[in-house]
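Structure data (mmCIF, C-alpha atoms) from data33.cif:
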```cif
data_target
#
loop_
_atom_site.label_atom_id
_atom_site.label_comp_id
_atom_site.auth_asym_id
_atom_site.auth_seq_id
_atom_site.Cartn_x
_atom_site.Cartn_y
_atom_site.Cartn_z
CA MET A 1066 29.38 -10.96 -2.94
CA SER A 1067 30.29 -7.96 -0.80
CA ALA A 1068 33.00 -7.91 1.88
CA THR A 1069 30.34 -8.19 4.59
CA GLU A 1070 28.66 -11.12 2.84
CA ILE A 1071 32.01 -12.88 2.46
CA LYS A 1072 32.70 -12.56 6.19
CA THR A 1073 29.35 -14.10 7.17
CA ALA A 1074 29.18 -16.78 4.46
CA THR A 1075 29.80 -20.46 5.12
CA LEU A 1076 32.64 -22.26 3.39
CA GLU A 1077 30.18 -24.24 1.29
CA SER A 1078 28.39 -21.10 0.10
CA VAL A 1079 31.71 -19.45 -0.79
CA PHE A 1080 32.79 -22.48 -2.82
CA GLU A 1081 29.41 -22.62 -4.56
CA LEU A 1082 29.68 -18.94 -5.46
CA CYS A 1083 33.20 -19.52 -6.77
CA ARG A 1084 32.03 -22.44 -8.88
CA GLU A 1085 29.29 -20.31 -10.43
CA THR A 1086 31.74 -17.49 -11.09
CA ALA A 1087 34.34 -19.84 -12.57
CA GLN A 1088 31.79 -21.20 -15.06
CA ASP A 1089 30.20 -17.86 -15.89
CA VAL A 1090 31.07 -17.04 -19.51
CA GLU A 1091 29.18 -13.74 -19.24
CA PHE A 1092 31.77 -12.34 -16.77
CA THR A 1093 29.01 -11.05 -14.50
CA ALA A 1094 31.25 -10.31 -11.51
CA ALA A 1095 33.63 -8.19 -13.57
CA LYS A 1096 30.83 -6.34 -15.36
CA THR A 1097 29.18 -5.54 -12.03
CA TRP A 1098 32.48 -4.20 -10.69
CA LEU A 1099 32.98 -2.03 -13.76
CA LYS A 1100 29.41 -0.74 -13.67
CA GLU A 1101 29.92 0.43 -10.11
CA ARG A 1102 33.08 2.28 -11.16
CA PRO A 1103 32.33 4.35 -14.26
CA GLY A 1104 35.38 5.03 -16.37
CA ARG A 1105 37.32 1.98 -15.24
CA LYS A 1106 38.40 -0.61 -17.81
CA ALA A 1107 39.32 -4.29 -17.91
CA VAL A 1108 41.99 -6.19 -19.84
CA GLY A 1109 41.77 -9.91 -20.50
CA CYS A 1110 44.79 -12.14 -19.84
CA PHE A 1111 45.30 -15.35 -21.79
CA PRO A 1112 47.25 -18.06 -19.95
CA ILE A 1113 49.77 -18.89 -18.75
CA TYR A 1114 51.45 -15.92 -17.11
CA SER A 1115 50.61 -12.27 -17.66
CA PRO A 1116 52.16 -9.39 -15.67
CA VAL A 1117 48.85 -8.53 -13.99
CA GLU A 1118 50.57 -5.99 -11.75
CA LEU A 1119 51.13 -3.76 -14.79
CA ILE A 1120 47.45 -3.83 -15.71
CA HIS A 1121 46.36 -3.16 -12.13
CA ALA A 1122 48.89 -0.34 -11.61
CA ALA A 1123 47.67 1.30 -14.82
CA GLY A 1124 44.23 1.52 -13.23
CA MET A 1125 42.56 -1.36 -15.06
CA LEU A 1126 41.15 -4.71 -13.97
CA PRO A 1127 43.07 -7.86 -15.04
CA LEU A 1128 40.75 -10.73 -15.97
CA GLY A 1129 41.58 -14.34 -16.73
CA VAL A 1130 40.10 -15.02 -20.17
CA ILE A 1131 41.02 -18.68 -20.20
CA GLY A 1132 38.65 -20.42 -22.56
CA ALA A 1133 34.99 -21.11 -21.97
CA GLY A 1134 35.05 -24.69 -20.71
CA ASN A 1135 32.00 -26.67 -21.66
CA GLN A 1136 29.68 -23.67 -21.29
CA ILE A 1137 29.42 -22.68 -24.98
CA GLU A 1138 29.24 -24.38 -28.36
CA ILE A 1139 32.04 -23.60 -30.79
CA THR A 1140 30.34 -22.55 -34.00
CA HIS A 1141 32.46 -19.68 -35.39
CA ALA A 1142 36.03 -20.28 -34.23
CA ASP A 1143 36.42 -23.64 -36.00
CA SER A 1144 36.74 -21.84 -39.32
CA ARG A 1145 39.79 -19.90 -38.08
CA PHE A 1146 41.88 -22.82 -36.80
CA GLN A 1147 42.74 -26.35 -37.79
CA SER A 1148 40.76 -29.27 -36.37
CA PHE A 1149 43.77 -30.48 -34.37
CA VAL A 1150 44.13 -27.28 -32.33
CA CYS A 1151 43.36 -27.44 -28.59
CA SER A 1152 39.94 -26.43 -27.28
CA ILE A 1153 41.04 -23.40 -25.27
CA VAL A 1154 42.24 -21.45 -28.32
CA LYS A 1155 38.94 -22.01 -30.09
CA SER A 1156 36.67 -21.37 -27.12
CA THR A 1157 38.51 -18.15 -26.23
CA LEU A 1158 38.04 -16.94 -29.79
CA GLU A 1159 34.39 -18.05 -29.66
CA LEU A 1160 33.89 -15.78 -26.63
CA GLY A 1161 34.93 -12.90 -28.87
CA PHE A 1162 32.74 -13.92 -31.81
CA THR A 1163 29.69 -14.21 -29.53
CA ASP A 1164 30.23 -10.66 -28.22
CA ARG A 1165 31.02 -11.81 -24.68
CA LEU A 1166 34.32 -9.87 -24.68
CA ASN A 1167 32.93 -6.59 -25.97
CA PHE A 1168 33.22 -5.05 -22.51
CA LEU A 1169 37.00 -5.53 -22.45
CA GLU A 1170 39.40 -2.77 -23.35
CA GLY A 1171 41.78 -5.35 -24.73
CA MET A 1172 43.57 -8.67 -24.46
CA LEU A 1173 47.14 -9.52 -23.47
CA PHE A 1174 48.76 -12.58 -25.04
CA HIS A 1175 52.17 -14.22 -24.90
CA SER A 1176 54.05 -17.20 -26.23
CA ILE A 1177 52.82 -20.60 -25.07
CA CYS A 1178 52.70 -22.63 -28.27
CA ASP A 1179 52.13 -21.98 -31.98
CA PRO A 1180 48.28 -21.83 -31.82
CA ALA A 1181 48.35 -19.53 -28.78
CA ARG A 1182 50.90 -17.30 -30.50
CA ASN A 1183 48.71 -17.11 -33.60
CA LEU A 1184 45.61 -16.37 -31.52
CA ALA A 1185 46.91 -12.86 -30.80
CA SER A 1186 47.05 -12.09 -34.53
CA VAL A 1187 43.64 -13.65 -35.13
CA PHE A 1188 42.16 -11.45 -32.37
CA ALA A 1189 43.81 -8.34 -33.81
CA ARG A 1190 42.44 -9.13 -37.26
CA ASN A 1191 38.89 -9.94 -36.18
CA PHE A 1192 38.48 -7.34 -33.41
CA PRO A 1193 40.27 -4.22 -34.70
CA LYS A 1194 38.75 -1.92 -32.06
CA MET A 1195 40.21 -4.00 -29.24
CA PHE A 1196 43.64 -3.28 -27.78
CA ILE A 1197 45.79 -6.35 -28.41
CA ASP A 1198 49.33 -6.69 -27.09
CA TYR A 1199 51.82 -9.52 -26.97
CA VAL A 1200 54.45 -10.06 -24.27
CA HIS A 1201 57.71 -11.42 -25.65
CA PHE A 1202 59.37 -13.33 -22.82
CA PRO A 1203 63.12 -14.07 -22.90
CA GLN A 1204 64.31 -17.51 -23.95
CA ASN A 1205 67.61 -17.41 -22.05
CA LEU A 1206 66.81 -16.95 -18.38
CA ALA A 1207 70.37 -17.78 -17.35
CA SER A 1208 71.70 -14.59 -18.90
CA PRO A 1209 71.55 -11.25 -17.05
CA LEU A 1210 70.66 -9.73 -20.42
CA GLY A 1211 67.45 -11.75 -20.37
CA LYS A 1212 66.29 -9.91 -17.26
CA GLN A 1213 67.36 -6.58 -18.71
CA TYR A 1214 65.42 -7.35 -21.88
CA LEU A 1215 62.29 -8.36 -19.90
CA GLU A 1216 62.40 -5.16 -17.86
CA THR A 1217 62.40 -3.22 -21.13
CA GLU A 1218 59.54 -5.34 -22.45
CA TYR A 1219 57.50 -4.71 -19.30
CA ARG A 1220 58.12 -0.98 -19.71
CA ARG A 1221 56.80 -1.16 -23.28
CA ILE A 1222 53.69 -3.08 -22.20
CA LEU A 1223 53.06 -0.67 -19.31
CA SER A 1224 53.34 2.33 -21.62
CA ASN A 1225 50.74 0.83 -23.95
CA LEU A 1226 48.43 0.08 -21.04
CA GLU A 1227 48.78 3.61 -19.70
CA ARG A 1228 47.71 5.06 -23.05
CA ARG A 1229 44.55 2.92 -22.98
CA SER A 1230 43.67 3.66 -19.36
CA GLY A 1231 44.61 7.34 -19.28
CA HIS A 1232 46.53 6.78 -16.03
CA THR A 1233 50.31 6.95 -15.69
CA ALA A 1234 51.52 4.35 -13.23
CA THR A 1235 54.13 5.54 -10.76
CA ALA A 1236 56.64 3.32 -8.95
CA ASP A 1237 54.39 3.56 -5.90
CA ASP A 1238 51.41 2.37 -7.97
CA LEU A 1239 53.41 -0.60 -9.21
CA ASN A 1240 54.64 -1.50 -5.75
CA ARG A 1241 51.11 -1.32 -4.32
CA SER A 1242 49.94 -3.69 -7.04
CA ILE A 1243 52.91 -5.98 -6.40
CA GLN A 1244 52.12 -6.05 -2.67
CA LEU A 1245 48.46 -6.83 -3.36
CA TYR A 1246 49.25 -9.75 -5.66
CA ASN A 1247 52.01 -10.90 -3.31
CA SER A 1248 49.33 -11.25 -0.62
CA ILE A 1249 47.03 -13.17 -2.95
CA ARG A 1250 49.79 -15.54 -4.03
CA ALA A 1251 50.90 -16.07 -0.42
CA ASN A 1252 47.34 -17.09 0.48
CA LEU A 1253 47.18 -19.42 -2.50
CA ARG A 1254 50.47 -21.03 -1.41
CA GLU A 1255 48.89 -21.56 2.01
CA LEU A 1256 45.90 -23.27 0.38
CA TYR A 1257 48.26 -25.65 -1.38
CA ARG A 1258 50.16 -26.29 1.84
CA ILE A 1259 46.91 -27.34 3.51
CA ARG A 1260 46.09 -29.61 0.60
CA THR A 1261 49.48 -31.31 0.92
CA GLU A 1262 49.44 -31.71 4.70
CA SER A 1263 45.70 -32.20 5.33
CA PRO A 1264 44.04 -33.02 1.99
CA HIS A 1265 40.84 -34.12 3.73
CA LEU A 1266 40.23 -30.51 4.81
CA LEU A 1267 40.31 -28.97 1.34
CA SER A 1268 39.67 -30.68 -1.98
CA ALA A 1269 41.43 -29.87 -5.23
CA THR A 1270 38.04 -28.99 -6.71
CA GLU A 1271 37.40 -26.39 -4.01
CA SER A 1272 40.89 -24.98 -4.34
CA PHE A 1273 40.51 -24.83 -8.12
CA VAL A 1274 37.21 -22.92 -8.19
CA LEU A 1275 38.44 -20.54 -5.48
CA THR A 1276 41.54 -19.74 -7.54
CA ARG A 1277 39.70 -19.54 -10.86
CA ALA A 1278 37.00 -17.25 -9.48
CA GLY A 1279 39.74 -14.91 -8.32
CA THR A 1280 40.89 -14.40 -11.91
CA LEU A 1281 37.40 -13.10 -12.74
CA MET A 1282 36.92 -10.52 -9.99
CA ALA A 1283 38.73 -7.58 -8.45
CA PRO A 1284 41.92 -8.78 -6.69
CA GLU A 1285 40.99 -6.89 -3.51
CA GLU A 1286 37.75 -8.88 -3.27
CA HIS A 1287 39.55 -12.14 -3.97
CA LEU A 1288 42.07 -11.47 -1.21
CA GLU A 1289 39.26 -11.00 1.33
CA MET A 1290 37.66 -14.22 0.17
CA LEU A 1291 40.92 -16.15 0.47
CA GLN A 1292 41.53 -14.84 3.98
CA GLN A 1293 38.01 -15.82 5.05
CA VAL A 1294 38.37 -19.34 3.65
CA LEU A 1295 41.78 -19.89 5.23
CA ALA A 1296 40.46 -18.76 8.62
CA ALA A 1297 37.56 -21.24 8.42
CA ILE A 1298 39.34 -24.34 7.08
CA PRO A 1299 41.08 -25.50 10.32
CA ALA A 1300 37.72 -25.89 12.09
CA ARG A 1301 36.16 -27.81 9.23
CA PRO A 1302 34.72 -31.18 10.32
CA ALA A 1303 36.27 -33.76 8.01
CA ARG A 1304 37.88 -37.18 8.32
CA PRO A 1305 40.65 -38.65 6.16
CA LYS A 1306 39.52 -41.18 3.54
CA ASP A 1307 41.24 -44.23 2.15
CA ARG A 1308 42.72 -42.60 -0.93
CA ILE A 1309 46.06 -42.53 -2.68
CA ARG A 1310 48.11 -39.30 -2.70
CA VAL A 1311 48.83 -37.96 -6.18
CA VAL A 1312 50.40 -34.98 -7.91
CA LEU A 1313 48.85 -33.67 -11.14
CA GLU A 1314 50.85 -32.21 -14.00
CA GLY A 1315 50.09 -31.03 -17.53
CA SER A 1316 47.07 -28.70 -17.17
CA PHE A 1317 49.03 -25.46 -17.07
CA CYS A 1318 47.09 -23.81 -19.91
CA GLU A 1319 43.76 -25.37 -20.85
CA LEU A 1320 41.69 -25.92 -17.72
CA PRO A 1321 40.03 -29.28 -17.08
CA PRO A 1322 36.27 -29.28 -16.45
CA VAL A 1323 35.47 -28.93 -12.76
CA ALA A 1324 33.57 -32.22 -12.91
CA LEU A 1325 36.71 -34.00 -14.17
CA ILE A 1326 38.69 -32.86 -11.14
CA GLU A 1327 35.85 -34.10 -8.94
CA THR A 1328 35.84 -37.40 -10.81
CA ILE A 1329 39.54 -37.98 -10.14
CA GLU A 1330 39.06 -37.25 -6.46
CA GLU A 1331 35.95 -39.40 -6.13
CA ALA A 1332 37.75 -42.25 -7.90
CA GLY A 1333 40.10 -42.47 -4.92
CA CYS A 1334 42.71 -39.70 -5.10
CA TYR A 1335 43.87 -36.93 -2.85
CA ILE A 1336 45.35 -34.35 -5.24
CA LEU A 1337 48.18 -32.81 -3.25
CA ASP A 1338 49.49 -30.48 -5.92
CA ASP A 1339 48.77 -29.46 -9.51
CA ASP A 1340 49.62 -26.87 -12.13
CA PHE A 1341 46.09 -25.52 -12.56
CA LEU A 1342 46.16 -21.76 -13.16
CA ARG A 1343 49.89 -21.79 -12.61
CA GLY A 1344 50.22 -18.38 -14.22
CA TRP A 1345 48.16 -16.76 -11.47
CA ARG A 1346 50.40 -18.45 -8.86
CA TRP A 1347 53.52 -17.83 -10.89
CA PHE A 1348 56.00 -16.87 -8.19
CA THR A 1349 57.37 -19.21 -5.54
CA GLY A 1350 57.90 -16.29 -3.18
CA ASP A 1351 57.08 -12.61 -2.87
CA VAL A 1352 58.19 -10.18 -5.54
CA PRO A 1353 60.46 -7.67 -3.75
CA VAL A 1354 59.18 -4.14 -3.27
CA GLU A 1355 62.00 -2.05 -4.71
CA GLU A 1356 62.76 1.33 -6.17
CA ASN A 1357 62.60 -0.24 -9.62
CA PRO A 1358 59.47 -2.46 -9.57
CA LEU A 1359 59.78 -3.44 -13.23
CA ARG A 1360 63.23 -4.84 -12.56
CA ALA A 1361 61.86 -6.69 -9.52
CA LEU A 1362 59.17 -8.28 -11.67
CA ALA A 1363 61.71 -9.24 -14.34
CA ASP A 1364 64.06 -10.75 -11.76
CA SER A 1365 61.19 -12.68 -10.20
CA TYR A 1366 60.09 -14.10 -13.55
CA ALA A 1367 63.60 -15.43 -14.09
CA ASP A 1368 64.47 -16.58 -10.57
CA ARG A 1369 61.27 -16.95 -8.49
CA SER A 1370 58.82 -18.58 -10.89
CA TYR A 1371 57.46 -22.11 -10.92
CA TYR A 1372 58.45 -24.50 -13.64
CA SER A 1373 56.07 -24.61 -16.58
CA GLY A 1374 56.04 -26.52 -19.83
CA ALA A 1375 55.54 -23.16 -21.55
CA LYS A 1376 58.60 -21.50 -19.98
CA HIS A 1377 61.93 -22.18 -21.64
CA ASP A 1378 64.45 -22.71 -18.84
CA THR A 1379 67.58 -24.72 -19.45
CA ARG A 1380 68.81 -24.34 -15.86
CA GLU A 1381 66.80 -27.35 -14.69
CA VAL A 1382 66.18 -30.79 -16.14
CA LYS A 1383 62.53 -30.80 -17.19
CA SER A 1384 61.48 -33.72 -15.01
CA ALA A 1385 63.39 -32.61 -11.90
CA HIS A 1386 60.61 -30.42 -10.47
CA LEU A 1387 58.07 -33.20 -10.90
CA ILE A 1388 60.17 -35.94 -9.31
CA ASP A 1389 61.33 -33.70 -6.47
CA GLY A 1390 57.83 -32.39 -5.84
CA ALA A 1391 56.26 -35.84 -5.74
CA ARG A 1392 58.87 -37.05 -3.26
CA GLU A 1393 58.67 -33.93 -1.11
CA LYS A 1394 54.89 -34.27 -0.83
CA LYS A 1395 55.12 -38.03 -0.21
CA ALA A 1396 52.90 -38.72 -3.19
CA ASP A 1397 52.06 -42.31 -4.10
CA ALA A 1398 51.79 -41.53 -7.80
CA VAL A 1399 51.71 -38.89 -10.51
CA ILE A 1400 48.83 -38.26 -12.90
CA ILE A 1401 49.63 -36.45 -16.14
CA LEU A 1402 46.41 -34.62 -17.00
CA ALA A 1403 47.02 -33.15 -20.44
CA ALA A 1404 44.68 -31.38 -22.83
CA LYS A 1405 44.07 -33.09 -26.14
CA PHE A 1406 46.35 -31.69 -28.86
CA CYS A 1407 48.46 -29.83 -26.27
CA GLU A 1408 51.92 -30.23 -27.76
CA PRO A 1409 53.94 -28.76 -24.85
CA ALA A 1410 52.27 -31.07 -22.29
CA LEU A 1411 52.38 -34.18 -24.45
CA PHE A 1412 55.99 -33.58 -25.51
CA ASP A 1413 56.89 -33.20 -21.84
CA TYR A 1414 55.20 -36.49 -21.02
CA ALA A 1415 57.71 -38.37 -23.18
CA LEU A 1416 60.44 -37.07 -20.84
CA TYR A 1417 58.38 -37.43 -17.67
CA ARG A 1418 57.51 -41.04 -18.41
CA LYS A 1419 61.12 -42.19 -18.52
CA ALA A 1420 62.07 -40.15 -15.47
CA LEU A 1421 59.11 -41.46 -13.46
CA ASP A 1422 59.88 -45.03 -14.46
CA ASP A 1423 63.52 -44.57 -13.47
CA ALA A 1424 62.41 -43.13 -10.12
CA ASN A 1425 59.92 -45.99 -9.57
CA ILE A 1426 57.01 -43.56 -9.28
CA PRO A 1427 53.72 -44.96 -10.66
CA HIS A 1428 52.02 -42.69 -13.16
CA LEU A 1429 48.92 -42.44 -15.32
CA LEU A 1430 48.29 -40.38 -18.46
CA LEU A 1431 44.83 -38.88 -18.94
CA GLU A 1432 43.79 -36.65 -21.83
CA PHE A 1433 40.84 -34.28 -21.73
CA GLU A 1434 39.09 -31.49 -23.60
CA GLU A 1435 37.57 -28.53 -21.81
CA LYS A 1436 34.24 -29.13 -23.57
CA THR A 1437 33.92 -32.70 -22.22
CA TRP A 1438 30.73 -33.55 -20.33
CA ILE A 1439 31.02 -37.31 -19.68
CA PHE A 1440 33.86 -38.72 -17.58
CA ASP A 1441 33.01 -42.41 -17.27
CA ARG A 1442 36.17 -43.50 -19.07
CA ALA A 1443 38.39 -41.26 -16.93
CA ARG A 1444 36.70 -42.56 -13.76
CA SER A 1445 37.27 -46.16 -14.83
CA GLU A 1446 40.94 -45.55 -15.64
CA VAL A 1447 41.61 -43.76 -12.36
CA GLU A 1448 39.74 -46.35 -10.29
CA THR A 1449 41.74 -49.15 -11.92
CA PHE A 1450 44.96 -47.22 -11.29
CA VAL A 1451 44.05 -46.59 -7.65
CA GLU A 1452 43.13 -50.24 -7.06
CA SER A 1453 46.41 -51.39 -8.58
CA LEU A 1454 48.26 -49.32 -5.99
CA LEU A 1455 46.05 -50.06 -2.99
CA PHE A 1456 45.92 -53.82 -3.50
CA ASP A 1457 49.27 -54.52 -5.13
#
```
Mind converting the file's structure to structure tokens?
Amino acid sequence: MSATEIKTATLESVFELCRETAQDVEFTAAKTWLKERPGRKAVGCFPIYSPVELIHAAGMLPLGVIGAGNQIEITHADSRFQSFVCSIVKSTLELGFTDRLNFLEGMLFHSICDPARNLASVFARNFPKMFIDYVHFPQNLASPLGKQYLETEYRRILSNLERRSGHTATADDLNRSIQLYNSIRANLRELYRIRTESPHLLSATESFVLTRAGTLMAPEEHLEMLQQVLAAIPARPARPKDRIRVVLEGSFCELPPVALIETIEEAGCYILDDDFLRGWRWFTGDVPVEENPLRALADSYADRSYYSGAKHDTREVKSAHLIDGAREKKADAVIILAAKFCEPALFDYALYRKALDDANIPHLLLEFEEKTWIFDRARSEVETFVESLLFD
């Protein structure tokens, strides 16, 4: 969709386009963009957080290669991983085995869990012509040396990207990319603010597909789309419904099927906040535009990033962000929506459960797989949970 088409499109048509883009395992939008710009390249980013500004400043297109949902059958990747490994690792690898990632210059990975860490090596072994790099994030964010180390790591990653793109990124290039992604993240924060204050005006499903589609297109196009949607939302005709207000946690890596998010909403929930695509909304505020942009990015990772189950940060009790967030948003309950076999999310739940009980916040645990098609059981569990709160 061109800039002119975005400006004249209705909200519903924009959301429908985003849904199609989000579920397109052929990466049509990105391929079209690359075709129109001969010589440009794209680099895939595996969740959770990748320094997309480095890719963009090096003259390449960052793309969110975050599994394949329920859009493909896993027939090759099963032989490379154990049966108890989460779906997203296998479906991402399946995208490679079915030649859907051939158009990429490379893939950028980082530490999330053991299977995700191993996926980088599996990609390097099976796709030797593809550029594969791995970001080593610091484990001690309280130490100034952690930031210094991360700045050095970003410089290494940027140097490797520059060699692949043929473009040397200047400080001005980096700051322009930082400003662009700052604008995108600011608009995404505004979307979430609307969902918290007026959840009847914007559903979590709509917010999700709008965010996910943005990881699969040029950031400049996504920014225009976000601005158009935000301008149109206040005039949207919608009335509040009799639903409970919930916060979702646990889907920071593997993405739930769009239909599952719809199911939770239709079962009687306003989803005020979530950790969907948290890595593409990583910073709580703007990254400063400074003389040393790599240092600014490193400082922001340490001090301006959201909590995530995949980020080691001993400066905050793990459950604090969840309890505080639920209270701040006046949520009635918390739903832990965790991917099957996701060790970081399920380990966190053991801590969350006690903290939520101690805080007298009702909660429900749901497990999912990205390849799921039928959600009758999830609907029944959520409806029962909602009724227990509405009619208690």
Completion exercise
Ile1153 (chain A) proximity check over A:Asn1225, A:Ser1365, A:Thr1379, A:Ser1316, using all atoms listed in the file: winner is A:Ser1316
Problem - Test item: residues at most 8 Å from Ile1298 (chain A), all atoms listed in the file, excluding those fewer than 6 positions along its chain, as a ChimeraX atom specification - result: /A:1076,1266-1267
Using C-alpha atoms, can you write the selected residues to a file as a short mmCIF file (atom, residue, chain, number, x, y, z; two decimals), in the frame of the given file?
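Generated file (again05.cif):
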```cif
data_model
loop_
_atom_site.label_atom_id
_atom_site.label_comp_id
_atom_site.auth_asym_id
_atom_site.auth_seq_id
_atom_site.Cartn_x
_atom_site.Cartn_y
_atom_site.Cartn_z
CA LEU A 1076 32.64 -22.26 3.39
CA LEU A 1266 40.23 -30.51 4.81
CA LEU A 1267 40.31 -28.97 1.34
#
```
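Of the listed residues A:Phe1174, A:Thr1349, A:Ser1242, A:Glu1271, the one whose atoms come nearest to Ala1283 (chain A) is A:Ser1242, with distances taken using only C-alpha atoms.
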Exercise for the section: Please identify all polymer residues within 9 Å of region 1430-1436 of chain A, counting all atoms listed in the file, omitting same-chain residues fewer than 2 positions from it, and present them as a PyMOL selection string. Expected result: chain A and resi 1132-1138+1151-1153+1156+1319-1322+1325+1399-1406+1414+1428+1438+1443+1446-1447
Exercise for the section: Could you tell me how far CA of Glu1356 (chain A) lies from CA of Pro1127 (chain A), in Å and to one decimal? Expected result: 23.5 Å
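If only C-alpha atoms are the atoms counted, then among A:Ala1278, A:Ile1249, A:Ala1189, A:Leu1359 the closest residue to Val1130 (chain A) is A:Ala1278.
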Exercise for the section: Would you list the residues near (37.7, -37.6, 0.1), meaning any protein, DNA or RNA residue with an atom at most 7 Å from that point in file coordinates, counting only C-alpha atoms, as JSON, numbers by chain? Expected result: {"A": [1265, 1305, 1306, 1330, 1331, 1335]}
Practice task
Carefully work through the PyMOL selection byres ((chain A and resi 1110-1114) around 7) for this structure and note down the residues it includes, as JSON, numbers by chain.
Solution key: {"A": [1108, 1109, 1115, 1116, 1127, 1128, 1129, 1130, 1131, 1172, 1173, 1174, 1317, 1318, 1343, 1344, 1345, 1347]}
Handout entry: Non-local contacts of Lys1194 (chain A) (12 Å; only C-alpha atoms; under 2 positions in same chain excluded) as a list in words
Key =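 Here the answer would be Leu1166, Asn1167, Phe1168, Leu1169, Glu1170, Gly1171, Met1172, Phe1188, Ala1189, Arg1190, Asn1191, Phe1192, Phe1196, Ile1197 and Arg1229 of chain A.
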Exercise for the section: Can you give me, as JSON, numbers by chain, the residues this file yields under the PyMOL selection byres ((chain A and resi 1217-1221) around 12)? Expected result: {"A": [1115, 1116, 1117, 1118, 1119, 1120, 1123, 1175, 1198, 1199, 1200, 1201, 1202, 1203, 1210, 1211, 1212, 1213, 1214, 1215, 1216, 1222, 1223, 1224, 1225, 1226, 1227, 1228, 1233, 1234, 1235, 1236, 1239, 1357, 1358, 1359, 1360, 1361, 1362, 1363, 1364, 1366]}
Practice task
Counting only C-alpha atoms, figure out which residue out of A:Leu1429, A:Ala1251, A:Leu1313, A:Ala1410 gets nearest to Ile1177 (chain A).
Solution key: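 Ranked by minimum distance to Ile1177 (chain A), first place goes to A:Ala1410.
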Using the chain letters and numbers from this file, what does the PyMOL selection byres ((chain A and resi 1284) around 10) select? Give the answer as a PDB file with C-alpha atoms, keeping the file's coordinate frame.
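Okay, expr-v1.pdb is ready:
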```
ATOM      1  CA  HIS A1121      46.360  -3.160 -12.130  1.00  0.00           C
ATOM      2  CA  LEU A1126      41.150  -4.710 -13.970  1.00  0.00           C
ATOM      3  CA  PRO A1127      43.070  -7.860 -15.040  1.00  0.00           C
ATOM      4  CA  LEU A1128      40.750 -10.730 -15.970  1.00  0.00           C
ATOM      5  CA  SER A1242      49.940  -3.690  -7.040  1.00  0.00           C
ATOM      6  CA  LEU A1245      48.460  -6.830  -3.360  1.00  0.00           C
ATOM      7  CA  TYR A1246      49.250  -9.750  -5.660  1.00  0.00           C
ATOM      8  CA  SER A1248      49.330 -11.250  -0.620  1.00  0.00           C
ATOM      9  CA  ILE A1249      47.030 -13.170  -2.950  1.00  0.00           C
ATOM     10  CA  GLY A1279      39.740 -14.910  -8.320  1.00  0.00           C
ATOM     11  CA  THR A1280      40.890 -14.400 -11.910  1.00  0.00           C
ATOM     12  CA  LEU A1281      37.400 -13.100 -12.740  1.00  0.00           C
ATOM     13  CA  MET A1282      36.920 -10.520  -9.990  1.00  0.00           C
ATOM     14  CA  ALA A1283      38.730  -7.580  -8.450  1.00  0.00           C
ATOM     15  CA  GLU A1285      40.990  -6.890  -3.510  1.00  0.00           C
ATOM     16  CA  GLU A1286      37.750  -8.880  -3.270  1.00  0.00           C
ATOM     17  CA  HIS A1287      39.550 -12.140  -3.970  1.00  0.00           C
ATOM     18  CA  LEU A1288      42.070 -11.470  -1.210  1.00  0.00           C
ATOM     19  CA  GLU A1289      39.260 -11.000   1.330  1.00  0.00           C
ATOM     20  CA  MET A1290      37.660 -14.220   0.170  1.00  0.00           C
TER      21      MET A1290
END
```
Problem - Using all atoms listed in the file: which of A:Phe1149, A:Phe1456, A:Phe1080, A:Tyr1371 has the shortest distance to Glu1408 (chain A) - result: A:Phe1149
Problem - Best match for closeness to His1386 (chain A) among A:Val1354, A:Leu1082, A:Met1195, A:Ala1420, counting only C-alpha atoms - result: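 Under the stated criterion, the closest residue is A:Ala1420.
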